$ cat model.txt   # compact mmCIF, C-alpha atoms and all ligand atoms
# COMPACT_ATOMS: atom_id res chain seq x y z
CA MET A 1 7.16 -20.42 23.71
CA ALA A 2 6.77 -17.46 21.38
CA ALA A 3 8.37 -14.32 22.86
CA SER A 4 8.15 -10.60 22.17
CA VAL A 5 10.99 -8.71 20.46
CA THR A 6 11.86 -5.15 21.43
CA LEU A 7 14.38 -2.84 19.81
CA GLU A 8 15.23 0.42 21.57
CA GLY A 9 17.35 2.99 19.74
CA VAL A 10 19.37 0.31 17.96
CA GLU A 11 22.21 1.70 15.89
CA ARG A 12 24.87 0.02 13.72
CA ARG A 13 27.52 1.80 11.71
CA PHE A 14 30.02 -0.24 9.71
CA ALA A 15 33.63 0.97 9.66
CA GLY A 16 34.16 3.68 7.03
CA ALA A 17 30.46 3.99 6.17
CA GLU A 18 29.04 7.46 5.58
CA ARG A 19 25.82 6.78 7.42
CA PRO A 20 24.69 4.12 9.88
CA ALA A 21 23.35 0.92 8.23
CA VAL A 22 20.66 1.04 10.95
CA ALA A 23 19.91 4.28 12.79
CA LYS A 24 18.04 4.71 16.10
CA LEU A 25 15.66 1.90 15.34
CA SER A 26 12.93 1.36 17.91
CA LEU A 27 10.07 -1.07 17.52
CA GLU A 28 8.10 -3.60 19.47
CA LEU A 29 6.78 -6.93 18.22
CA ARG A 30 4.25 -8.72 20.41
CA ALA A 31 4.59 -12.45 21.06
CA GLY A 32 2.80 -14.51 18.42
CA GLN A 33 2.88 -11.78 15.79
CA THR A 34 4.78 -11.34 12.52
CA LEU A 35 6.66 -8.15 11.72
CA CYS A 36 7.68 -7.62 8.10
CA LEU A 37 10.72 -5.44 7.48
CA VAL A 38 10.47 -3.93 4.00
CA GLY A 39 12.40 -1.38 2.01
CA PRO A 40 14.74 -1.06 -0.95
CA SER A 41 18.09 -2.80 -1.21
CA GLY A 42 20.61 -1.51 1.33
CA CYS A 43 18.06 0.05 3.71
CA GLY A 44 19.24 -2.06 6.66
CA LYS A 45 16.77 -4.95 6.79
CA SER A 46 19.28 -7.80 6.93
CA THR A 47 21.53 -5.93 9.36
CA THR A 48 18.54 -5.54 11.70
CA LEU A 49 17.72 -9.23 11.43
CA ARG A 50 21.34 -10.27 11.99
CA MET A 51 21.47 -8.16 15.16
CA ILE A 52 18.33 -9.88 16.49
CA ALA A 53 19.95 -13.25 15.65
CA GLY A 54 23.15 -12.24 17.43
CA LEU A 55 25.25 -12.56 14.26
CA ASP A 56 26.04 -8.86 14.55
CA GLU A 57 26.03 -6.55 17.60
CA PRO A 58 24.50 -3.05 17.75
CA ASP A 59 26.93 -0.22 18.48
CA SER A 60 24.31 1.26 20.76
CA GLY A 61 20.73 0.66 21.81
CA ARG A 62 19.12 -2.42 23.25
CA ILE A 63 17.52 -5.59 21.86
CA ARG A 64 15.30 -7.70 24.10
CA ILE A 65 13.71 -11.07 23.40
CA GLY A 66 10.96 -11.50 25.95
CA ASP A 67 12.33 -9.78 29.08
CA ARG A 68 15.91 -10.76 28.36
CA ASP A 69 18.50 -8.20 27.25
CA MET A 70 20.45 -9.77 24.39
CA ARG A 71 23.64 -7.76 24.87
CA GLY A 72 26.57 -10.18 24.90
CA VAL A 73 24.31 -13.23 24.34
CA ALA A 74 25.83 -15.52 21.68
CA PRO A 75 23.63 -16.60 18.72
CA GLN A 76 23.50 -20.22 19.96
CA ALA A 77 22.33 -19.02 23.35
CA ARG A 78 19.39 -17.11 21.80
CA ASP A 79 16.24 -19.08 21.22
CA VAL A 80 15.88 -17.98 17.57
CA ALA A 81 15.77 -19.91 14.29
CA MET A 82 16.71 -18.33 10.99
CA VAL A 83 15.58 -19.19 7.46
CA PHE A 84 17.19 -17.38 4.57
CA GLN A 85 17.12 -17.44 0.78
CA GLY A 86 18.98 -20.23 -0.95
CA PHE A 87 19.64 -21.82 2.42
CA ALA A 88 22.70 -24.10 2.13
CA LEU A 89 21.47 -27.54 3.11
CA TYR A 90 24.01 -30.21 4.01
CA PRO A 91 24.42 -32.00 0.64
CA HIS A 92 25.23 -35.46 2.03
CA MET A 93 22.38 -35.60 4.56
CA LYS A 94 18.82 -36.83 4.11
CA ALA A 95 16.03 -34.33 4.69
CA ARG A 96 15.04 -36.03 7.96
CA ASP A 97 18.58 -35.61 9.35
CA ILE A 98 18.78 -32.01 8.21
CA ILE A 99 15.52 -31.23 10.00
CA ALA A 100 16.62 -33.11 13.12
CA PHE A 101 20.09 -31.53 13.17
CA PRO A 102 19.35 -28.61 15.55
CA LEU A 103 17.83 -31.09 18.02
CA LYS A 104 20.83 -33.41 17.75
CA MET A 105 23.11 -30.45 18.53
CA ARG A 106 21.06 -29.95 21.68
CA ARG A 107 21.38 -33.65 22.57
CA VAL A 108 17.65 -34.28 22.33
CA PRO A 109 17.05 -38.08 22.57
CA ALA A 110 16.50 -39.92 19.25
CA ALA A 111 12.85 -40.88 19.89
CA GLU A 112 11.93 -37.28 20.68
CA ARG A 113 13.82 -36.09 17.59
CA GLU A 114 11.92 -38.48 15.36
CA LYS A 115 8.59 -37.33 16.78
CA ALA A 116 9.50 -33.67 16.23
CA VAL A 117 10.63 -34.38 12.65
CA SER A 118 7.44 -36.19 11.74
CA GLU A 119 5.32 -33.41 13.27
CA ALA A 120 7.23 -30.77 11.30
CA ALA A 121 7.05 -32.86 8.12
CA GLU A 122 3.30 -33.18 8.50
CA LEU A 123 2.87 -29.43 9.00
CA LEU A 124 4.93 -28.80 5.86
CA ASP A 125 3.50 -31.70 3.88
CA ILE A 126 6.93 -33.20 3.16
CA GLN A 127 6.56 -36.65 4.77
CA HIS A 128 7.30 -38.30 1.42
CA LEU A 129 10.57 -36.38 0.98
CA LEU A 130 12.28 -37.23 4.26
CA ASP A 131 14.66 -39.82 2.81
CA ARG A 132 15.88 -37.62 -0.05
CA ARG A 133 19.07 -35.61 -0.16
CA PRO A 134 19.02 -31.89 -1.15
CA ASP A 135 20.09 -32.63 -4.75
CA GLN A 136 16.98 -34.82 -5.09
CA LEU A 137 14.67 -31.92 -4.07
CA SER A 138 13.24 -29.02 -6.05
CA GLY A 139 13.91 -25.43 -4.91
CA GLY A 140 10.53 -25.19 -3.20
CA GLU A 141 10.96 -28.55 -1.47
CA ARG A 142 14.39 -27.51 -0.23
CA GLN A 143 12.92 -24.34 1.23
CA ARG A 144 10.29 -26.45 3.02
CA VAL A 145 13.05 -28.62 4.51
CA ALA A 146 14.84 -25.44 5.63
CA MET A 147 11.62 -24.33 7.31
CA GLY A 148 11.29 -27.77 8.91
CA ARG A 149 14.74 -27.33 10.36
CA ALA A 150 13.64 -24.01 11.86
CA ILE A 151 10.32 -25.21 13.29
CA VAL A 152 11.41 -28.46 15.00
CA ARG A 153 12.92 -26.46 17.82
CA ARG A 154 9.83 -24.32 18.37
CA PRO A 155 12.05 -21.29 18.96
CA GLU A 156 10.93 -18.13 20.75
CA VAL A 157 11.44 -16.17 17.53
CA PHE A 158 11.65 -17.06 13.83
CA LEU A 159 13.82 -14.89 11.62
CA PHE A 160 13.22 -15.02 7.87
CA ASP A 161 15.49 -13.27 5.37
CA GLU A 162 13.79 -13.30 1.97
CA PRO A 163 13.09 -17.04 2.27
CA LEU A 164 11.05 -17.19 -0.95
CA SER A 165 13.01 -14.89 -3.22
CA ASN A 166 14.83 -17.65 -5.13
CA LEU A 167 11.61 -19.34 -6.19
CA ASP A 168 9.56 -18.79 -9.31
CA ALA A 169 6.41 -16.67 -9.04
CA ALA A 170 3.84 -19.48 -8.80
CA LEU A 171 5.75 -21.43 -6.17
CA ARG A 172 6.48 -18.25 -4.30
CA ALA A 173 2.78 -17.47 -4.07
CA GLU A 174 1.96 -21.02 -2.97
CA LEU A 175 4.62 -21.08 -0.24
CA ARG A 176 3.65 -17.60 0.93
CA VAL A 177 0.14 -18.80 1.69
CA GLU A 178 1.48 -21.92 3.43
CA LEU A 179 3.97 -19.97 5.45
CA GLY A 180 1.21 -17.64 6.65
CA ARG A 181 -0.86 -20.64 7.72
CA LEU A 182 2.13 -22.23 9.44
CA LEU A 183 3.00 -19.10 11.43
CA ARG A 184 -0.62 -18.80 12.56
CA GLU A 185 -0.86 -22.48 13.51
CA LEU A 186 2.39 -22.30 15.48
CA GLY A 187 1.37 -18.99 17.10
CA ALA A 188 4.93 -17.97 16.26
CA THR A 189 6.71 -14.67 16.68
CA ALA A 190 8.47 -13.90 13.40
CA VAL A 191 10.52 -11.13 11.88
CA TYR A 192 10.32 -11.42 8.11
CA VAL A 193 12.59 -9.47 5.78
CA THR A 194 11.30 -8.96 2.27
CA HIS A 195 11.25 -6.44 -0.54
CA ASP A 196 8.02 -7.98 -1.83
CA GLN A 197 5.05 -5.79 -0.94
CA VAL A 198 2.58 -8.66 -1.29
CA GLU A 199 4.47 -10.80 1.25
CA ALA A 200 4.60 -7.83 3.62
CA MET A 201 0.89 -7.07 3.25
CA THR A 202 -0.25 -10.68 3.61
CA LEU A 203 2.13 -12.04 6.26
CA GLY A 204 2.68 -9.07 8.58
CA HIS A 205 0.55 -8.10 11.56
CA GLN A 206 2.86 -5.09 11.48
CA ILE A 207 5.00 -3.69 8.69
CA ALA A 208 8.15 -1.66 9.31
CA VAL A 209 9.13 0.31 6.21
CA MET A 210 12.82 1.20 6.27
CA ARG A 211 14.69 3.75 4.20
CA ALA A 212 18.44 4.38 4.34
CA GLY A 213 18.75 2.78 7.79
CA ARG A 214 15.81 4.63 9.30
CA LEU A 215 12.30 3.56 10.16
CA GLU A 216 10.02 5.44 7.78
CA GLN A 217 6.76 4.01 9.14
CA LEU A 218 5.58 1.25 11.47
CA GLY A 219 1.96 0.18 11.22
CA THR A 220 -0.55 -2.49 10.32
CA PRO A 221 -0.81 -3.32 6.61
CA ARG A 222 -4.04 -1.33 6.52
CA GLU A 223 -2.49 1.75 8.16
CA ILE A 224 0.47 1.61 5.79
CA TYR A 225 -1.79 1.30 2.75
CA GLU A 226 -4.51 3.74 3.72
CA ALA A 227 -2.43 6.36 5.54
CA PRO A 228 1.16 6.17 4.26
CA ALA A 229 3.40 8.47 6.33
CA SER A 230 5.31 9.65 3.27
CA ALA A 231 5.36 9.59 -0.51
CA PHE A 232 8.15 6.99 -0.22
CA VAL A 233 5.91 4.55 1.69
CA ALA A 234 2.95 5.37 -0.53
CA GLY A 235 4.85 4.49 -3.70
CA PHE A 236 6.00 1.16 -2.27
CA PHE A 237 2.60 -0.47 -1.81
CA GLY A 238 -0.18 -1.12 -4.27
CA SER A 239 -0.49 -2.72 -7.69
CA PRO A 240 -0.12 -0.68 -9.75
CA PRO A 241 1.78 1.59 -7.35
CA MET A 242 0.29 4.91 -6.26
CA ALA A 243 0.98 7.65 -8.80
CA LEU A 244 2.95 10.54 -7.28
CA CYS A 245 2.64 13.85 -9.12
CA PRO A 246 4.56 17.02 -8.30
CA GLY A 247 2.40 20.12 -8.03
CA GLU A 248 1.96 23.52 -6.46
CA SER A 249 -1.05 24.80 -4.62
CA ILE A 250 -1.82 28.42 -5.48
CA ASP A 251 -4.80 30.05 -3.77
CA GLY A 252 -5.88 26.59 -2.61
CA ARG A 253 -5.95 25.05 -6.08
CA VAL A 254 -3.63 22.63 -7.88
CA THR A 255 -3.60 22.24 -11.64
CA LEU A 256 -2.17 19.11 -13.27
CA GLY A 257 -2.74 19.44 -17.01
CA ASP A 258 -6.47 19.43 -17.45
CA LEU A 259 -7.12 18.27 -13.89
CA GLU A 260 -7.94 20.98 -11.39
CA LEU A 261 -8.28 20.17 -7.70
CA VAL A 262 -8.96 21.96 -4.44
CA ALA A 263 -5.86 21.50 -2.25
CA PRO A 264 -5.94 21.38 1.55
CA LEU A 265 -2.57 23.19 1.74
CA GLN A 266 -0.41 25.87 0.12
CA GLY A 267 2.86 25.71 -1.81
CA LYS A 268 4.87 22.89 -3.36
CA LEU A 269 3.46 19.42 -2.83
CA THR A 270 3.30 15.85 -4.08
CA LEU A 271 -0.10 14.47 -4.89
CA GLY A 272 -0.70 10.73 -4.41
CA ILE A 273 -3.38 9.11 -6.57
CA ARG A 274 -4.22 5.42 -6.28
CA SER A 275 -5.64 3.76 -9.37
CA GLU A 276 -8.75 2.66 -7.48
CA ILE A 277 -10.03 6.25 -7.21
CA VAL A 278 -9.69 6.79 -10.98
CA HIS A 279 -12.06 5.57 -13.69
CA LEU A 280 -12.48 6.21 -17.39
CA GLY A 281 -15.57 8.11 -18.52
CA GLU A 282 -17.42 11.19 -17.34
CA PRO A 283 -17.48 12.19 -13.65
CA SER A 284 -20.40 11.29 -11.38
CA GLU A 285 -21.53 13.61 -8.62
CA GLY A 286 -18.66 14.55 -6.27
CA GLU A 287 -16.00 13.46 -8.77
CA VAL A 288 -13.66 15.61 -10.86
CA GLY A 289 -13.37 14.99 -14.61
CA PHE A 290 -10.34 15.52 -16.85
CA SER A 291 -8.84 14.63 -20.25
CA ALA A 292 -5.67 12.55 -20.59
CA ALA A 293 -3.73 10.44 -23.09
CA VAL A 294 -3.05 6.72 -22.70
CA VAL A 295 0.74 6.15 -22.63
CA THR A 296 1.00 2.51 -21.53
CA ARG A 297 -1.46 -0.34 -21.53
CA GLU A 298 -0.88 -3.67 -19.75
CA PRO A 299 -3.62 -6.28 -20.14
CA LEU A 300 -3.29 -8.76 -17.26
CA GLY A 301 -6.42 -10.83 -17.83
CA ALA A 302 -8.80 -9.85 -15.06
CA GLU A 303 -7.88 -6.19 -15.53
CA THR A 304 -5.84 -3.86 -17.72
CA HIS A 305 -3.49 -1.34 -16.14
CA LEU A 306 -3.22 2.01 -17.90
CA GLU A 307 -0.87 4.92 -17.49
CA LEU A 308 -2.51 8.21 -18.35
CA SER A 309 -0.55 11.35 -19.13
CA LEU A 310 -1.85 14.70 -17.94
CA GLY A 311 1.05 16.53 -19.61
CA THR A 312 4.23 17.74 -17.91
CA LEU A 313 5.23 20.08 -15.12
CA GLY A 314 8.54 21.62 -16.24
CA ASP A 315 10.40 18.53 -17.42
CA LYS A 316 8.51 16.17 -15.09
CA PRO A 317 5.82 13.97 -16.64
CA LEU A 318 2.46 13.98 -14.90
CA LEU A 319 1.33 10.37 -15.03
CA ILE A 320 -1.54 8.75 -13.22
CA ARG A 321 -2.71 5.15 -13.29
CA ALA A 322 -6.07 3.57 -13.85
CA LYS A 323 -7.49 0.06 -14.19
CA THR A 324 -10.20 -1.25 -16.46
CA ARG A 325 -11.91 -4.63 -16.25
CA GLY A 326 -10.74 -7.44 -18.50
CA PHE A 327 -9.12 -6.58 -21.83
CA ASP A 328 -11.51 -3.79 -22.63
CA ALA A 329 -9.32 -0.68 -22.63
CA PRO A 330 -8.36 2.12 -25.03
CA GLU A 331 -5.20 1.78 -27.10
CA VAL A 332 -1.91 3.57 -26.43
CA GLY A 333 -2.12 7.10 -27.84
CA ALA A 334 -5.90 7.35 -27.36
CA LYS A 335 -7.26 10.57 -25.84
CA VAL A 336 -9.66 9.69 -23.03
CA ARG A 337 -11.98 11.32 -20.56
CA ALA A 338 -11.48 10.16 -16.98
CA ALA A 339 -12.61 11.07 -13.48
CA LEU A 340 -11.40 10.71 -9.92
CA VAL A 341 -12.79 10.85 -6.40
CA PRO A 342 -11.03 13.79 -4.69
CA ALA A 343 -11.75 12.49 -1.17
CA GLY A 344 -9.39 9.57 -1.92
CA LEU A 345 -6.35 11.75 -2.70
CA HIS A 346 -3.18 11.73 -0.59
CA TRP A 347 -1.26 14.96 -0.10
CA PHE A 348 2.45 15.05 0.73
CA ASP A 349 4.81 17.99 1.13
CA GLY A 350 6.90 18.85 -1.89
CA ASP A 351 10.35 18.45 -0.28
CA GLY A 352 10.53 15.54 2.16
CA GLY A 353 7.36 13.93 0.91
CA LYS A 354 5.85 13.83 4.42
CA ARG A 355 2.15 13.13 4.66
CA LEU A 356 0.06 16.27 5.04
CA ALA A 357 -3.49 15.11 4.48
CA GLY A 358 -5.40 12.23 3.03
CA ASN A 359 -8.39 10.04 3.14
CA ALA A 360 -7.65 7.84 6.17
P1 LIG A 401 19.15 -6.12 0.59
O1 LIG A 401 17.68 -6.02 0.35
O2 LIG A 401 19.95 -5.77 -0.64
O3 LIG A 401 19.57 -7.40 1.23
P2 LIG A 401 19.22 -4.74 3.16
O4 LIG A 401 18.11 -3.77 3.34
O5 LIG A 401 19.09 -6.05 3.83
O6 LIG A 401 19.54 -4.93 1.61
P3 LIG A 401 21.68 -4.50 4.62
O7 LIG A 401 22.27 -5.76 4.12
O8 LIG A 401 21.19 -4.49 6.03
O9 LIG A 401 20.53 -3.99 3.65
O10 LIG A 401 22.77 -3.35 4.44
C1 LIG A 401 22.60 -2.03 4.93
C2 LIG A 401 23.82 -1.20 4.61
O11 LIG A 401 24.96 -1.67 5.34
C3 LIG A 401 24.24 -1.25 3.15
O12 LIG A 401 24.68 0.04 2.79
C4 LIG A 401 25.38 -2.25 3.12
O13 LIG A 401 26.29 -1.96 2.09
C5 LIG A 401 26.01 -2.05 4.50
N1 LIG A 401 26.60 -3.29 5.05
C6 LIG A 401 25.96 -4.43 5.32
N2 LIG A 401 26.80 -5.35 5.87
C7 LIG A 401 28.03 -4.76 5.91
C8 LIG A 401 29.32 -5.18 6.38
N3 LIG A 401 29.50 -6.39 6.91
N4 LIG A 401 30.33 -4.30 6.28
C9 LIG A 401 30.14 -3.07 5.76
N5 LIG A 401 28.95 -2.60 5.32
C10 LIG A 401 27.91 -3.44 5.39
$ encode --input "model.txt" --output "structure tokens"
Amino acid sequence: MAASVTLEGVERRFAGAERPAVAKLSLELRAGQTLCLVGPSGCGKSTTLRMIAGLDEPDSGRIRIGDRDMRGVAPQARDVAMVFQGFALYPHMKARDIIAFPLKMRRVPAAEREKAVSEAAELLDIQHLLDRRPDQLSGGERQRVAMGRAIVRRPEVFLFDEPLSNLDAALRAELRVELGRLLRELGATAVYVTHDQVEAMTLGHQIAVMRAGRLEQLGTPREIYEAPASAFVAGFFGSPPMALCPGESIDGRVTLGDLELVAPLQGKLTLGIRSEIVHLGEPSEGEVGFSAAVVTREPLGAETHLELSLGTLGDKPLLIRAKTRGFDAPEVGAKVRAALVPAGLHWFDGDGGKRLAGNA
């Protein structure tokens, strides 16, 4: 049965470390939901996952799975299954034995094991691979077998640590979709560590964005995208990422090169501009027009991503991003007219980058 996962003030500091790897982390994951932990390398994602698995113990705070306090509970005694990147499969075993292994360890009778293996194989579409050994499987197939090994037990909680990161882009996208379907079909509770924003947006009911051991924001993918709590979160999601420009509001106005905007605050600030509120050409009613120079141009097929320079502020470049359809876009170096929708701007404070105002 899928169970909830609760973390209350969980802290972990490794010996000799300057700051805790995980600091005062509190979050709640409802049964049957997926929580994606995202953030840059070293922000504490894996440490958090390992503490939920019981492979590491918090120095303080509490972890509960369902109603049960996990303090002092050994990993084997927790009803969790973990899948990680480049999972080491037993080289001499056939896929069917690898998948059945956790059940064998629990002395589940052979007939029941076989039934569970064939059910898992069907869910993962690997029935035809069950008699192969790991060295006879591709990377993606191996990762499916590793998932099979996790799902046969129907654990209370699945823990994924970058399970797709060793795969090439196409396979990664394919398995991401399948994994999402699988988690929904199983009604599973899952904690999923990734630094891939697309995996976090598509797989998570909730996303926890971590930074230097701390929780920067917890929210639904929509909340995180539309109302990022900080410039850090804002810059993490979106393709291309949100442009973040330093600025200063004087008498309620901010000037970035040729772009002049009414600011809802005073003083130093960071202005967040997503490419979807920018277009080339003259402004329509309610929009603000400006001139800029094209500094990069990336044609991707369906659309071309452009970086537009508004000039500099001190030594800091003022760059914003825009998209055009197809390949039709001005060349690098071209001077262009562009416009944006001011209601879609995000305003952050100039120091900590905390959200001050925005469109959501
Ligand atoms: P990545 O995306 O690179 O896997 P992460 O967000 O999962 O990173 P963690 O592995 O949780 O980060 O590490 C968090 C911090 O704790 C890092 O500064 C790391 O160096 C430190 N750390 C992790 N494990 C240990 C350990 N066993 N001993 C000492 N320090 C550790």
$ residues_near_point --input "model.txt" --point "(0.1, 6.5, -17.4)" --cutoff "9 Å" --atoms "all atoms listed in the file" --output "mmCIF file with C-alpha atoms, in the coordinates of the input"
data_model
loop_
_atom_site.group_PDB
_atom_site.id
_atom_site.type_symbol
_atom_site.label_atom_id
_atom_site.label_comp_id
_atom_site.auth_asym_id
_atom_site.auth_seq_id
_atom_site.Cartn_x
_atom_site.Cartn_y
_atom_site.Cartn_z
ATOM 1 C CA ALA A 243 0.980 7.650 -8.800
ATOM 2 C CA ALA A 292 -5.670 12.550 -20.590
ATOM 3 C CA ALA A 293 -3.730 10.440 -23.090
ATOM 4 C CA VAL A 294 -3.050 6.720 -22.700
ATOM 5 C CA VAL A 295 0.740 6.150 -22.630
ATOM 6 C CA THR A 296 1.000 2.510 -21.530
ATOM 7 C CA ARG A 297 -1.460 -0.340 -21.530
ATOM 8 C CA HIS A 305 -3.490 -1.340 -16.140
ATOM 9 C CA LEU A 306 -3.220 2.010 -17.900
ATOM 10 C CA GLU A 307 -0.870 4.920 -17.490
ATOM 11 C CA LEU A 308 -2.510 8.210 -18.350
ATOM 12 C CA SER A 309 -0.550 11.350 -19.130
ATOM 13 C CA LEU A 310 -1.850 14.700 -17.940
ATOM 14 C CA LEU A 318 2.460 13.980 -14.900
ATOM 15 C CA LEU A 319 1.330 10.370 -15.030
ATOM 16 C CA ILE A 320 -1.540 8.750 -13.220
ATOM 17 C CA ARG A 321 -2.710 5.150 -13.290
ATOM 18 C CA ALA A 322 -6.070 3.570 -13.850
#
$ closest_residue --input "model.txt" --among "A:Arg181, A:Arg214, A:His92, A:Arg62" --to "ligand LIG 401 (chain A)" --atoms "all atoms listed in the file"
A:Arg214
$ closest_residue --input "model.txt" --among "A:Val83, A:Ala111, A:Met93, A:Val157" --to "Ala3 (chain A)" --atoms "all atoms listed in the file"
A:Val157
$ atom_distance --input "model.txt" --atom1 "atom C3 of ligand LIG 401 (chain A)" --atom2 "CA of Thr270 (chain A)"
28.0 Å
$ atom_distance --input "model.txt" --atom1 "CA of Glu331 (chain A)" --atom2 "CA of Leu271 (chain A)"
26.1 Å
$ residues_around --input "model.txt" --residues "region 217-229 of chain A" --least-positions-apart "6" --cutoff "9 Å" --atoms "all atoms listed in the file" --output "count of residues only"
24
